[in-house]
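I have placed the structure first, in the form of structure tokens, so that the comments after it can refer back to it.
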Amino acid sequence: MASPKVALIALNAQFAHTSLAIRQLREYACLQGFPRDNISLCEWTINDLPQQLLMRLFAVNADVYAFSCYIWNRRLTERLTDELKKIRPEATIIWGGPEASQDARLILKSVPAVDAILAGEGEVAFADLLLHGLTPQTPNVVWRNPAGEIQSNPMAPLLPAEKWPFPYTDDELLSLKDRLLYFETSRGCPYGCTYCLSSLDRSVRLLDLSHTTIAFERLIAADVRQIKLVDRTFNIQSERALDIWRWLIKRHDQSFRTNFHFEIMADRLTHDAINILEKAPAGLFQFEIGVQTTTPEVLKAIRRPCDWVRLADNVRALKRQTAIHLHLDLIAGLPGETPQQFANAFDDVFSLDPEQLQLGFLKVLPGSPMADQAKSLGFKWSAEPPYEILASDQMTFADLACLKDLEAVLELYHNSGRYPHSLKALLAQWSSPFAFFAELAAVNRQAGWFDLKASPSARTEFLDQFARARLPALTYLDFHARLKLDYLLQGAKDQPLFLDPLDLSSDPVRLTRKQLGRERMHRDYPRQNRFRLEDFLFADTIKLQAVLSRIATIDPTVIETTVCDCLIPAGQCLLAFDLSGSQPILLFSQSLENIT
């Protein structure tokens with residue numbers, strides 16, 4: 001009997017993302033003897049036109065279509081399944097993944113085009129189904145048996161970590177190296193956070209150091225840009241995490257560009273761990289730390305273990321001692337949390353100065369303990385994926401709508417990293433970070449900016465107008481200089497008039513000093529044709545962190561570029577930048593008083 005032709009389908013949220021699940025299913029099935037040539041990976045995005053996706057699936061002409069289902073692609077998967085069954089009625093259509101597993105029987109009742117669902121871990125079940133067909137012995141399957149009845153087959157034992165296949169082929173590593181690749185070194189979670197489906201799998205399986213480093217070596221050798229670990233808590237075993245971090249730090253002595261993104265519990269970090277992480281070079285590690293809330297009674301309500309004091313101390317130590325990029329997460333709409341308590345939690349987390357503060361909204365996932373908890377507390381949430389909260393026991397829809405606006409401006413002005421110097425100056429003038437972002441969000445809403453697709457220049461001008469209307473004159477001048485610097489550092493080639501009213505001045509002393517600066521440019525950088533020379537007025541010294549800088553050597557024809565921290569003097573100064581590439585490069589900074 002010929003092996004079936006199989007299509008493994010992933011509809012990712014963005015083009016830059018890749019699917020780990022379909023590759024693990026493919027590789028395990030092939031290891032069990034299923035012919036590789038019979039499996040097609042169909043990886044697209046939810047932004048593709050449904051009709052085009054249907055035409056592509058029809059062209060595959062598969063016997064088995066297997067969809068990987070998540071909250072972001074559930075409805076599109078349902079539409080494609082329904083239409084695909086009409087034009088390929090003889091094909092078997094399977095769903096798997098977290099969005100399918102928890103509602104398997106309900107899905108089979110409500111979506112007749114689905115023939116079977118892989119509930120839970122998929123590798124063993126999928127390989128068995130391909131090799132032997134859909135039978136009462138196929139493990140982990142909820143399906144329609146020949147009598148048309150919905151039947152749940154027995155579950156297979158969980159797959160030991162050492163049997164997890166490496167998911168990527170050499171060709172894929174080559175073609176996908178500049179996209180975001182996912183990897184896992186553990187499955188399961190020992191914690192019982194009520195909002196998370198991982199709380200349903202409390203058995204933790206860990207890939208040992210040897211298997212992990214072999215896999216990491218292969219990813220590094222392929223020059224992959226970024227690896228995101230999907231482990232729910234990477235440092236659940238502290239010593240194991242330290243061994244892996246040590247290995248990566250030592251391996252970086254040979255230099256590579258791969259960045260590793262870990263989700264960790266920061267309150268589990270020890271002093272030894274931070275001392276080891278201190279040796280990690282910039283760009284090697286990125287940590288995501290799920291704080292969720294700093295309100296003790298809310299943490300208790302969602303059964304999330306967290307020592308906030310220790311977490312905060314450890315994050316401060318990471319900021320002080322390491323070069324690790326930090327993302328801290330909050331969730332709005334948790335049980336029992338009032339708007340004021342959320343504002344306090346926001347200020348608590350923002351005070352730790354993370355590179356990103358990611359504000360999410362509670363999702364009441366079917367099958368999670370939160371589903372029962374939210375129902376008992378009278379929550380309102382969307383019946384459509386991603387099942388996001390509409391009102392909690394303490395927050396109205398209006399409260400959450402305001403936080404949605406706050407999230408938008410937080411992304412634009414803080415998480416984007418585009419306004420580090422000007423935003424710092426603005427925040428110092430408000431009573432709290434939450435108060436600032438809430439007011440900025442309200443003004444954006446009133447001005448209609450959330451309904452527009454505005455350019456970076458327009459967004460910058462809006463921030464300038466917002467500050468001008470609220471700051472004292474001298475404070476505003478310093479802010480404006482910082483905003484001009486931030487805009488230039490974004491790599492913008494234009495210089496909007498609103499950013500440079502000083503250039504309209506005809507002060508002869510100032511013009512003479514700028515001319516002397518141009519003469520220095522031509523003397524020290526004779527081959528630099530495209531540059532920008534700008535003057536600034538800062539109230540305090542400015543530190544440019546990790547800025548690209550070009551230093552003229554003794555031989556002016558030899559130019560070196562390096563990444564360094566640079567101090568910009570207070571008062572009037574000149575800054576010269578090379579703007580020929582995608583990133584501006586600082587050529588020199590000099591006080592105007594010292595220009596000769």
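For the structure tokens, the naming scheme is as follows: chains receive sequential letters (A, B, ...) according to their order of presentation, residues are indexed from 1 within each chain, and ligands are indexed from 1 in presentation order.
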Could you find all residues in stretch 88-330 of chain A that DSSP calls helix (DSSP H, G or I) from the backbone, and write them as a PyMOL selection string?
chain A and resi 98-101+104-110+123-132+161-163+170-176+197-200+209-221+238-254+266-268+271-277+296-301+308-321
Exercise: stretch 155-172 of chain A partners within 9 Å, only C-alpha atoms, chain neighbours under 6 positions left out, as a PyMOL selection string
chain A and resi 20-28+31+119-121+123-125+138-141+183+185-187+205-208+211+215+222
With N, CA and C atoms retained, write the just-selected residues as an mmCIF file, in the first residue's frame.
data_model
loop_
_atom_site.group_PDB
_atom_site.id
_atom_site.type_symbol
_atom_site.label_atom_id
_atom_site.label_comp_id
_atom_site.auth_asym_id
_atom_site.auth_seq_id
_atom_site.Cartn_x
_atom_site.Cartn_y
_atom_site.Cartn_z
ATOM 1 N N LEU A 20 7.547 25.688 14.650
ATOM 2 C CA LEU A 20 8.322 24.585 15.223
ATOM 3 C C LEU A 20 7.528 23.284 15.139
ATOM 4 N N ALA A 21 6.220 23.351 15.406
ATOM 5 C CA ALA A 21 5.406 22.141 15.535
ATOM 6 C C ALA A 21 5.402 21.285 14.277
ATOM 7 N N ILE A 22 5.161 21.903 13.113
ATOM 8 C CA ILE A 22 5.045 21.081 11.901
ATOM 9 C C ILE A 22 6.390 20.429 11.551
ATOM 10 N N ARG A 23 7.470 21.059 11.918
ATOM 11 C CA ARG A 23 8.786 20.481 11.625
ATOM 12 C C ARG A 23 9.102 19.324 12.575
ATOM 13 N N GLN A 24 8.670 19.448 13.824
ATOM 14 C CA GLN A 24 8.866 18.330 14.751
ATOM 15 C C GLN A 24 8.039 17.124 14.333
ATOM 16 N N LEU A 25 6.807 17.355 13.903
ATOM 17 C CA LEU A 25 5.968 16.249 13.433
ATOM 18 C C LEU A 25 6.599 15.567 12.222
ATOM 19 N N ARG A 26 7.084 16.376 11.291
ATOM 20 C CA ARG A 26 7.704 15.814 10.085
ATOM 21 C C ARG A 26 8.926 14.969 10.439
ATOM 22 N N GLU A 27 9.811 15.535 11.249
ATOM 23 C CA GLU A 27 11.068 14.852 11.536
ATOM 24 C C GLU A 27 10.840 13.562 12.311
ATOM 25 N N TYR A 28 9.894 13.564 13.255
ATOM 26 C CA TYR A 28 9.661 12.329 14.009
ATOM 27 C C TYR A 28 9.047 11.260 13.099
ATOM 28 N N LEU A 31 11.738 9.759 11.047
ATOM 29 C CA LEU A 31 12.578 8.859 11.838
ATOM 30 C C LEU A 31 11.915 7.503 12.041
ATOM 31 N N ALA A 119 -5.005 15.334 20.079
ATOM 32 C CA ALA A 119 -5.146 16.017 21.359
ATOM 33 C C ALA A 119 -3.887 15.778 22.189
ATOM 34 N N GLY A 120 -3.188 16.865 22.508
ATOM 35 C CA GLY A 120 -1.966 16.730 23.297
ATOM 36 C C GLY A 120 -0.745 16.587 22.405
ATOM 37 N N GLU A 121 0.264 15.907 22.941
ATOM 38 C CA GLU A 121 1.534 15.768 22.224
ATOM 39 C C GLU A 121 1.327 15.011 20.914
ATOM 40 N N GLU A 123 3.787 14.000 18.191
ATOM 41 C CA GLU A 123 4.729 13.242 17.358
ATOM 42 C C GLU A 123 4.360 11.777 17.194
ATOM 43 N N VAL A 124 4.123 11.082 18.318
ATOM 44 C CA VAL A 124 3.845 9.639 18.250
ATOM 45 C C VAL A 124 2.536 9.385 17.512
ATOM 46 N N ALA A 125 1.511 10.163 17.840
ATOM 47 C CA ALA A 125 0.196 9.970 17.219
ATOM 48 C C ALA A 125 0.243 10.233 15.723
ATOM 49 N N THR A 138 -4.891 4.273 17.130
ATOM 50 C CA THR A 138 -4.078 5.474 16.959
ATOM 51 C C THR A 138 -4.125 6.301 18.248
ATOM 52 N N PRO A 139 -3.003 6.501 18.931
ATOM 53 C CA PRO A 139 -3.041 7.182 20.230
ATOM 54 C C PRO A 139 -3.301 8.682 20.091
ATOM 55 N N ASN A 140 -3.819 9.271 21.165
ATOM 56 C CA ASN A 140 -3.978 10.728 21.295
ATOM 57 C C ASN A 140 -4.952 11.323 20.276
ATOM 58 N N VAL A 141 -5.822 10.515 19.705
ATOM 59 C CA VAL A 141 -6.705 10.994 18.640
ATOM 60 C C VAL A 141 -8.155 11.019 19.121
ATOM 61 N N PHE A 183 12.804 26.873 19.296
ATOM 62 C CA PHE A 183 13.403 25.619 19.745
ATOM 63 C C PHE A 183 12.917 25.357 21.162
ATOM 64 N N THR A 185 13.853 23.103 24.866
ATOM 65 C CA THR A 185 14.714 22.203 25.635
ATOM 66 C C THR A 185 13.959 21.638 26.830
ATOM 67 N N SER A 186 12.669 21.972 26.955
ATOM 68 C CA SER A 186 11.850 21.382 28.019
ATOM 69 C C SER A 186 10.398 21.409 27.601
ATOM 70 N N ARG A 187 9.609 20.523 28.201
ATOM 71 C CA ARG A 187 8.164 20.516 28.026
ATOM 72 C C ARG A 187 7.516 20.378 29.398
ATOM 73 N N ARG A 205 9.759 17.629 31.444
ATOM 74 C CA ARG A 205 10.815 16.838 30.808
ATOM 75 C C ARG A 205 11.883 17.789 30.278
ATOM 76 N N LEU A 206 13.126 17.484 30.544
ATOM 77 C CA LEU A 206 14.228 18.375 30.214
ATOM 78 C C LEU A 206 15.221 17.699 29.280
ATOM 79 N N LEU A 207 15.611 18.407 28.240
ATOM 80 C CA LEU A 207 16.678 17.936 27.367
ATOM 81 C C LEU A 207 17.995 18.128 28.093
ATOM 82 N N ASP A 208 18.821 17.092 28.128
ATOM 83 C CA ASP A 208 20.054 17.205 28.907
ATOM 84 C C ASP A 208 21.064 18.128 28.220
ATOM 85 N N HIS A 211 22.578 16.946 24.666
ATOM 86 C CA HIS A 211 21.682 17.099 23.525
ATOM 87 C C HIS A 211 21.416 18.574 23.223
ATOM 88 N N ALA A 215 22.488 20.620 19.680
ATOM 89 C CA ALA A 215 21.494 21.344 18.885
ATOM 90 C C ALA A 215 21.883 22.812 18.743
ATOM 91 N N ALA A 222 24.901 27.460 11.666
ATOM 92 C CA ALA A 222 24.082 27.878 10.520
ATOM 93 C C ALA A 222 23.909 29.388 10.462
#
Name the residues in contact with stretch 367-381 of chain A at a cut-off of 6 Å, using only C-alpha atoms, excluding same-chain residues fewer than 2 positions from it; report them as number ranges by chain.
A: 102, 194-195, 197, 364-365, 388-393
Deliver the residues from the most recent selection as a file, using C-alpha atoms, as a compact mmCIF listing (two decimals), in the first residue's frame.
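So the final result, stored in selection21.txt, reads:
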# COMPACT_ATOMS: atom_id res chain seq x y z
CA GLN A 102 -8.83 21.48 24.63
CA THR A 194 -4.75 29.59 36.20
CA TYR A 195 -4.59 31.58 32.93
CA LEU A 197 -2.72 25.91 29.47
CA VAL A 364 -9.72 33.18 29.03
CA LEU A 365 -8.52 30.09 27.21
CA GLU A 388 -9.65 38.29 25.29
CA ILE A 389 -11.16 39.84 28.38
CA LEU A 390 -13.93 42.45 27.93
CA ALA A 391 -14.54 43.12 31.63
CA SER A 392 -13.25 41.58 34.86
CA ASP A 393 -14.65 41.63 38.37
Using 9 Å as the limit and counting only C-alpha atoms, can you tabulate each residue of stretch 329-382 of chain A that touches stretch 427-439 of chain A, with its shortest atom-to-atom distance in Å and the two atoms involved, as JSON lines?
{"residue": "A:Ala343", "atom": "CA", "partner": "A:Phe434", "partner_atom": "CA", "distance": 6.0}
{"residue": "A:Asn344", "atom": "CA", "partner": "A:Phe434", "partner_atom": "CA", "distance": 8.0}
{"residue": "A:Phe346", "atom": "CA", "partner": "A:Phe434", "partner_atom": "CA", "distance": 6.4}
{"residue": "A:Asp347", "atom": "CA", "partner": "A:Pro433", "partner_atom": "CA", "distance": 5.9}
{"residue": "A:Phe350", "atom": "CA", "partner": "A:Pro433", "partner_atom": "CA", "distance": 7.0}
{"residue": "A:Ser351", "atom": "CA", "partner": "A:Pro433", "partner_atom": "CA", "distance": 8.2}
Write out, as a tab-separated table, each residue of stretch 312-404 of chain A that has an atom at most 10 Å from stretch 70-74 of chain A, together with the closest pair of atoms and their distance in Å to one decimal, counting only C-alpha atoms, rows going by chain and rising number.
residue	atom	partner	partner_atom	distance
A:Lys363	CA	A:Ile71	CA	9.9
A:Leu365	CA	A:Ile71	CA	8.9
A:Glu384	CA	A:Ile71	CA	8.9
A:Pro385	CA	A:Ile71	CA	5.2
A:Pro386	CA	A:Ile71	CA	5.0
A:Tyr387	CA	A:Ile71	CA	8.1
Export of the given selection (all heavy atoms) as an mmCIF file, in the first residue's frame:
data_model
loop_
_atom_site.group_PDB
_atom_site.id
_atom_site.type_symbol
_atom_site.label_atom_id
_atom_site.label_comp_id
_atom_site.auth_asym_id
_atom_site.auth_seq_id
_atom_site.Cartn_x
_atom_site.Cartn_y
_atom_site.Cartn_z
ATOM 1 N N LYS A 363 -6.423 36.448 28.580
ATOM 2 C CA LYS A 363 -7.155 35.612 27.634
ATOM 3 C C LYS A 363 -7.738 34.437 28.408
ATOM 4 O O LYS A 363 -7.012 33.708 29.081
ATOM 5 C CB LYS A 363 -6.231 35.138 26.512
ATOM 6 C CG LYS A 363 -5.725 36.292 25.645
ATOM 7 C CD LYS A 363 -4.649 35.849 24.690
ATOM 8 C CE LYS A 363 -4.187 37.027 23.828
ATOM 9 N NZ LYS A 363 -3.668 38.169 24.621
ATOM 10 N N LEU A 365 -8.698 31.195 28.153
ATOM 11 C CA LEU A 365 -8.524 30.090 27.214
ATOM 12 C C LEU A 365 -9.420 28.915 27.579
ATOM 13 O O LEU A 365 -9.455 28.480 28.741
ATOM 14 C CB LEU A 365 -7.059 29.634 27.209
ATOM 15 C CG LEU A 365 -6.028 30.705 26.848
ATOM 16 C CD1 LEU A 365 -4.613 30.154 27.002
ATOM 17 C CD2 LEU A 365 -6.252 31.217 25.430
ATOM 18 N N GLU A 384 -14.717 34.633 20.593
ATOM 19 C CA GLU A 384 -13.843 34.427 19.442
ATOM 20 C C GLU A 384 -12.389 34.392 19.901
ATOM 21 O O GLU A 384 -11.993 35.130 20.808
ATOM 22 C CB GLU A 384 -14.011 35.574 18.438
ATOM 23 C CG GLU A 384 -15.334 35.561 17.695
ATOM 24 C CD GLU A 384 -15.392 34.412 16.696
ATOM 25 O OE1 GLU A 384 -14.517 34.334 15.835
ATOM 26 O OE2 GLU A 384 -16.324 33.602 16.792
ATOM 27 N N PRO A 385 -11.554 33.534 19.277
ATOM 28 C CA PRO A 385 -10.125 33.585 19.575
ATOM 29 C C PRO A 385 -9.609 34.989 19.302
ATOM 30 O O PRO A 385 -10.043 35.615 18.336
ATOM 31 C CB PRO A 385 -9.526 32.574 18.596
ATOM 32 C CG PRO A 385 -10.666 31.687 18.201
ATOM 33 C CD PRO A 385 -11.891 32.535 18.259
ATOM 34 N N PRO A 386 -8.736 35.555 20.142
ATOM 35 C CA PRO A 386 -8.002 34.886 21.225
ATOM 36 C C PRO A 386 -8.683 34.919 22.587
ATOM 37 O O PRO A 386 -7.993 34.864 23.607
ATOM 38 C CB PRO A 386 -6.693 35.668 21.242
ATOM 39 C CG PRO A 386 -7.081 37.055 20.872
ATOM 40 C CD PRO A 386 -8.198 36.909 19.878
ATOM 41 N N TYR A 387 -10.006 35.046 22.665
ATOM 42 C CA TYR A 387 -10.775 34.940 23.912
ATOM 43 C C TYR A 387 -10.376 36.011 24.928
ATOM 44 O O TYR A 387 -10.279 35.751 26.131
ATOM 45 C CB TYR A 387 -10.599 33.550 24.533
ATOM 46 C CG TYR A 387 -10.742 32.418 23.544
ATOM 47 C CD1 TYR A 387 -9.624 31.679 23.128
ATOM 48 C CD2 TYR A 387 -11.976 32.089 22.989
ATOM 49 C CE1 TYR A 387 -9.743 30.651 22.208
ATOM 50 C CE2 TYR A 387 -12.104 31.056 22.072
ATOM 51 C CZ TYR A 387 -10.981 30.348 21.687
ATOM 52 O OH TYR A 387 -11.105 29.326 20.774
#
Would you give me, as a list in words, the residues in stretch 162-242 of chain A that DSSP reads as strand (DSSP E)?
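Of stretch 162-242 of chain A, only Leu180, Leu181, Tyr182, Phe183, Ser186, Arg187, Arg205, Leu206, Gln226, Ile227, Lys228 and Leu229 of chain A fall in strand (DSSP E).
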Spatial neighbours of A:Thr322, max dist 7 Å, only C-alpha atoms, sep filter under 3 positions, as a list of chain:residue names
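Near neighbours after the sequence-gap exclusion: A:Leu277, A:Glu278, A:Leu318, A:Lys319.
Closest approach to A:Thr18 from the set A:Gln226, A:Gln394, A:Thr562, A:Ser422 is made by A:Gln226, with distances taken over only C-alpha atoms.
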Which one is closest to A:Arg240: A:Thr258, A:Ala473, A:Ala273, A:Asp307? Count only C-alpha atoms.
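Looking at the shortest contact to A:Arg240, the residue is A:Ala273.
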Can you tell me how far atom CA of A:Gly133 sits from atom CA of A:Lys86, in Å to one decimal?
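Atom CA of A:Lys86 lies at a distance of 21.9 Å from atom CA of A:Gly133.
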Which value, in Å to one decimal, gives the distance between atom CA of A:Ala113 and atom CA of A:Glu90?
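Going from atom CA of A:Ala113 over to atom CA of A:Glu90, I get 11.0 Å.
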Suppose you want the space between atom CA of A:Gly571 and atom CA of A:Ala467; what is it in Å?
20.6 Å
Excluding A:Pro146 and any residue of its chain fewer than 5 positions from it, enumerate the residues within 12 Å of it, using only C-alpha atoms, and give them as a list in words.
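Residues near the query, excluding close chain neighbours: Asp115, Leu134, Thr135, Pro136 and Gln151 of chain A.
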Write out as a list in words each polymer residue whose atoms come within 12 Å of A:Leu106, counting only C-alpha atoms; drop sequence neighbours fewer than 3 positions from it.
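The residues satisfying every condition are Glu99, Ala100, Ser101, Gln102, Asp103, Lys109, Ser110, Val111, Pro112, Val114, Ala116, Ile117, Val142, Trp143, Ile150, Pro366 and Gly367 of chain A.
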Those same residues, written as an mmCIF file, in the first residue's frame with C-alpha atoms?
data_model
loop_
_atom_site.group_PDB
_atom_site.id
_atom_site.type_symbol
_atom_site.label_atom_id
_atom_site.label_comp_id
_atom_site.auth_asym_id
_atom_site.auth_seq_id
_atom_site.Cartn_x
_atom_site.Cartn_y
_atom_site.Cartn_z
ATOM 1 C CA GLU A 99 -6.315 25.537 20.167
ATOM 2 C CA ALA A 100 -7.621 22.159 18.972
ATOM 3 C CA SER A 101 -6.662 19.937 21.905
ATOM 4 C CA GLN A 102 -8.834 21.476 24.630
ATOM 5 C CA ASP A 103 -12.077 21.568 22.619
ATOM 6 C CA LYS A 109 -19.400 18.527 16.456
ATOM 7 C CA SER A 110 -19.304 22.104 15.153
ATOM 8 C CA VAL A 111 -16.852 21.716 12.234
ATOM 9 C CA PRO A 112 -17.964 18.632 10.255
ATOM 10 C CA VAL A 114 -12.563 18.010 10.491
ATOM 11 C CA ALA A 116 -9.752 13.928 13.544
ATOM 12 C CA ILE A 117 -7.923 15.927 16.173
ATOM 13 C CA VAL A 142 -10.295 12.216 18.958
ATOM 14 C CA TRP A 143 -12.050 11.200 15.744
ATOM 15 C CA ILE A 150 -16.968 10.702 18.092
ATOM 16 C CA PRO A 366 -10.956 27.181 26.877
ATOM 17 C CA GLY A 367 -9.820 24.311 29.066
#
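Between A:Leu592 and the candidates A:Leu497, A:Leu537, A:Leu544, A:Val563, the tightest atom-to-atom separation, counting only C-alpha atoms, involves A:Leu537.
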I'd like the neighbourhood of A:Asn47 as an mmCIF file with N, CA, C and O atoms, in the first residue's frame, where a residue qualifies if any of its atoms comes within 12 Å (using only C-alpha atoms), though same-chain residues fewer than 4 positions away should be ignored.
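Result saved to out-v7.cif:
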data_model
loop_
_atom_site.group_PDB
_atom_site.id
_atom_site.type_symbol
_atom_site.label_atom_id
_atom_site.label_comp_id
_atom_site.auth_asym_id
_atom_site.auth_seq_id
_atom_site.Cartn_x
_atom_site.Cartn_y
_atom_site.Cartn_z
ATOM 1 N N LEU A 11 -0.118 28.439 9.718
ATOM 2 C CA LEU A 11 -0.494 29.808 9.368
ATOM 3 C C LEU A 11 0.034 30.708 10.478
ATOM 4 O O LEU A 11 -0.601 30.876 11.528
ATOM 5 N N ASN A 12 1.223 31.260 10.261
ATOM 6 C CA ASN A 12 1.903 32.040 11.291
ATOM 7 C C ASN A 12 1.313 33.442 11.405
ATOM 8 O O ASN A 12 0.682 33.955 10.480
ATOM 9 N N ALA A 13 1.571 34.090 12.543
ATOM 10 C CA ALA A 13 1.061 35.440 12.769
ATOM 11 C C ALA A 13 1.777 36.464 11.892
ATOM 12 O O ALA A 13 1.178 37.446 11.461
ATOM 13 N N GLN A 14 3.068 36.236 11.628
ATOM 14 C CA GLN A 14 3.859 37.159 10.811
ATOM 15 C C GLN A 14 4.808 36.350 9.931
ATOM 16 O O GLN A 14 5.169 35.213 10.254
ATOM 17 N N PHE A 15 5.267 36.983 8.849
ATOM 18 C CA PHE A 15 6.190 36.298 7.944
ATOM 19 C C PHE A 15 7.501 35.956 8.641
ATOM 20 O O PHE A 15 8.118 34.917 8.362
ATOM 21 N N GLN A 51 -8.435 33.080 -0.296
ATOM 22 C CA GLN A 51 -8.618 32.420 -1.582
ATOM 23 C C GLN A 51 -7.296 31.922 -2.147
ATOM 24 O O GLN A 51 -7.219 30.825 -2.725
ATOM 25 N N GLN A 52 -6.246 32.717 -1.967
ATOM 26 C CA GLN A 52 -4.927 32.280 -2.423
ATOM 27 C C GLN A 52 -4.445 31.070 -1.628
ATOM 28 O O GLN A 52 -3.851 30.136 -2.181
ATOM 29 N N LEU A 53 -4.691 31.077 -0.321
ATOM 30 C CA LEU A 53 -4.295 29.934 0.513
ATOM 31 C C LEU A 53 -5.039 28.671 0.076
ATOM 32 O O LEU A 53 -4.441 27.587 -0.002
ATOM 33 N N TRP A 72 -4.313 32.512 17.200
ATOM 34 C CA TRP A 72 -4.246 33.542 16.155
ATOM 35 C C TRP A 72 -4.714 33.047 14.779
ATOM 36 O O TRP A 72 -4.969 33.847 13.892
ATOM 37 N N ASN A 73 -4.800 31.714 14.585
ATOM 38 C CA ASN A 73 -5.187 31.248 13.252
ATOM 39 C C ASN A 73 -6.436 30.359 13.257
ATOM 40 O O ASN A 73 -6.779 29.773 12.238
ATOM 41 N N LEU A 76 -9.319 31.348 10.653
ATOM 42 C CA LEU A 76 -8.868 31.145 9.272
ATOM 43 C C LEU A 76 -8.724 29.655 8.984
ATOM 44 O O LEU A 76 -9.095 29.178 7.899
#
Find the residue from A:Phe498, A:Pro456, A:Gly192, A:Ile244 that sits nearest to A:Glu217; use only C-alpha atoms when measuring.
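Closest residue, counting only C-alpha atoms: A:Ile244.
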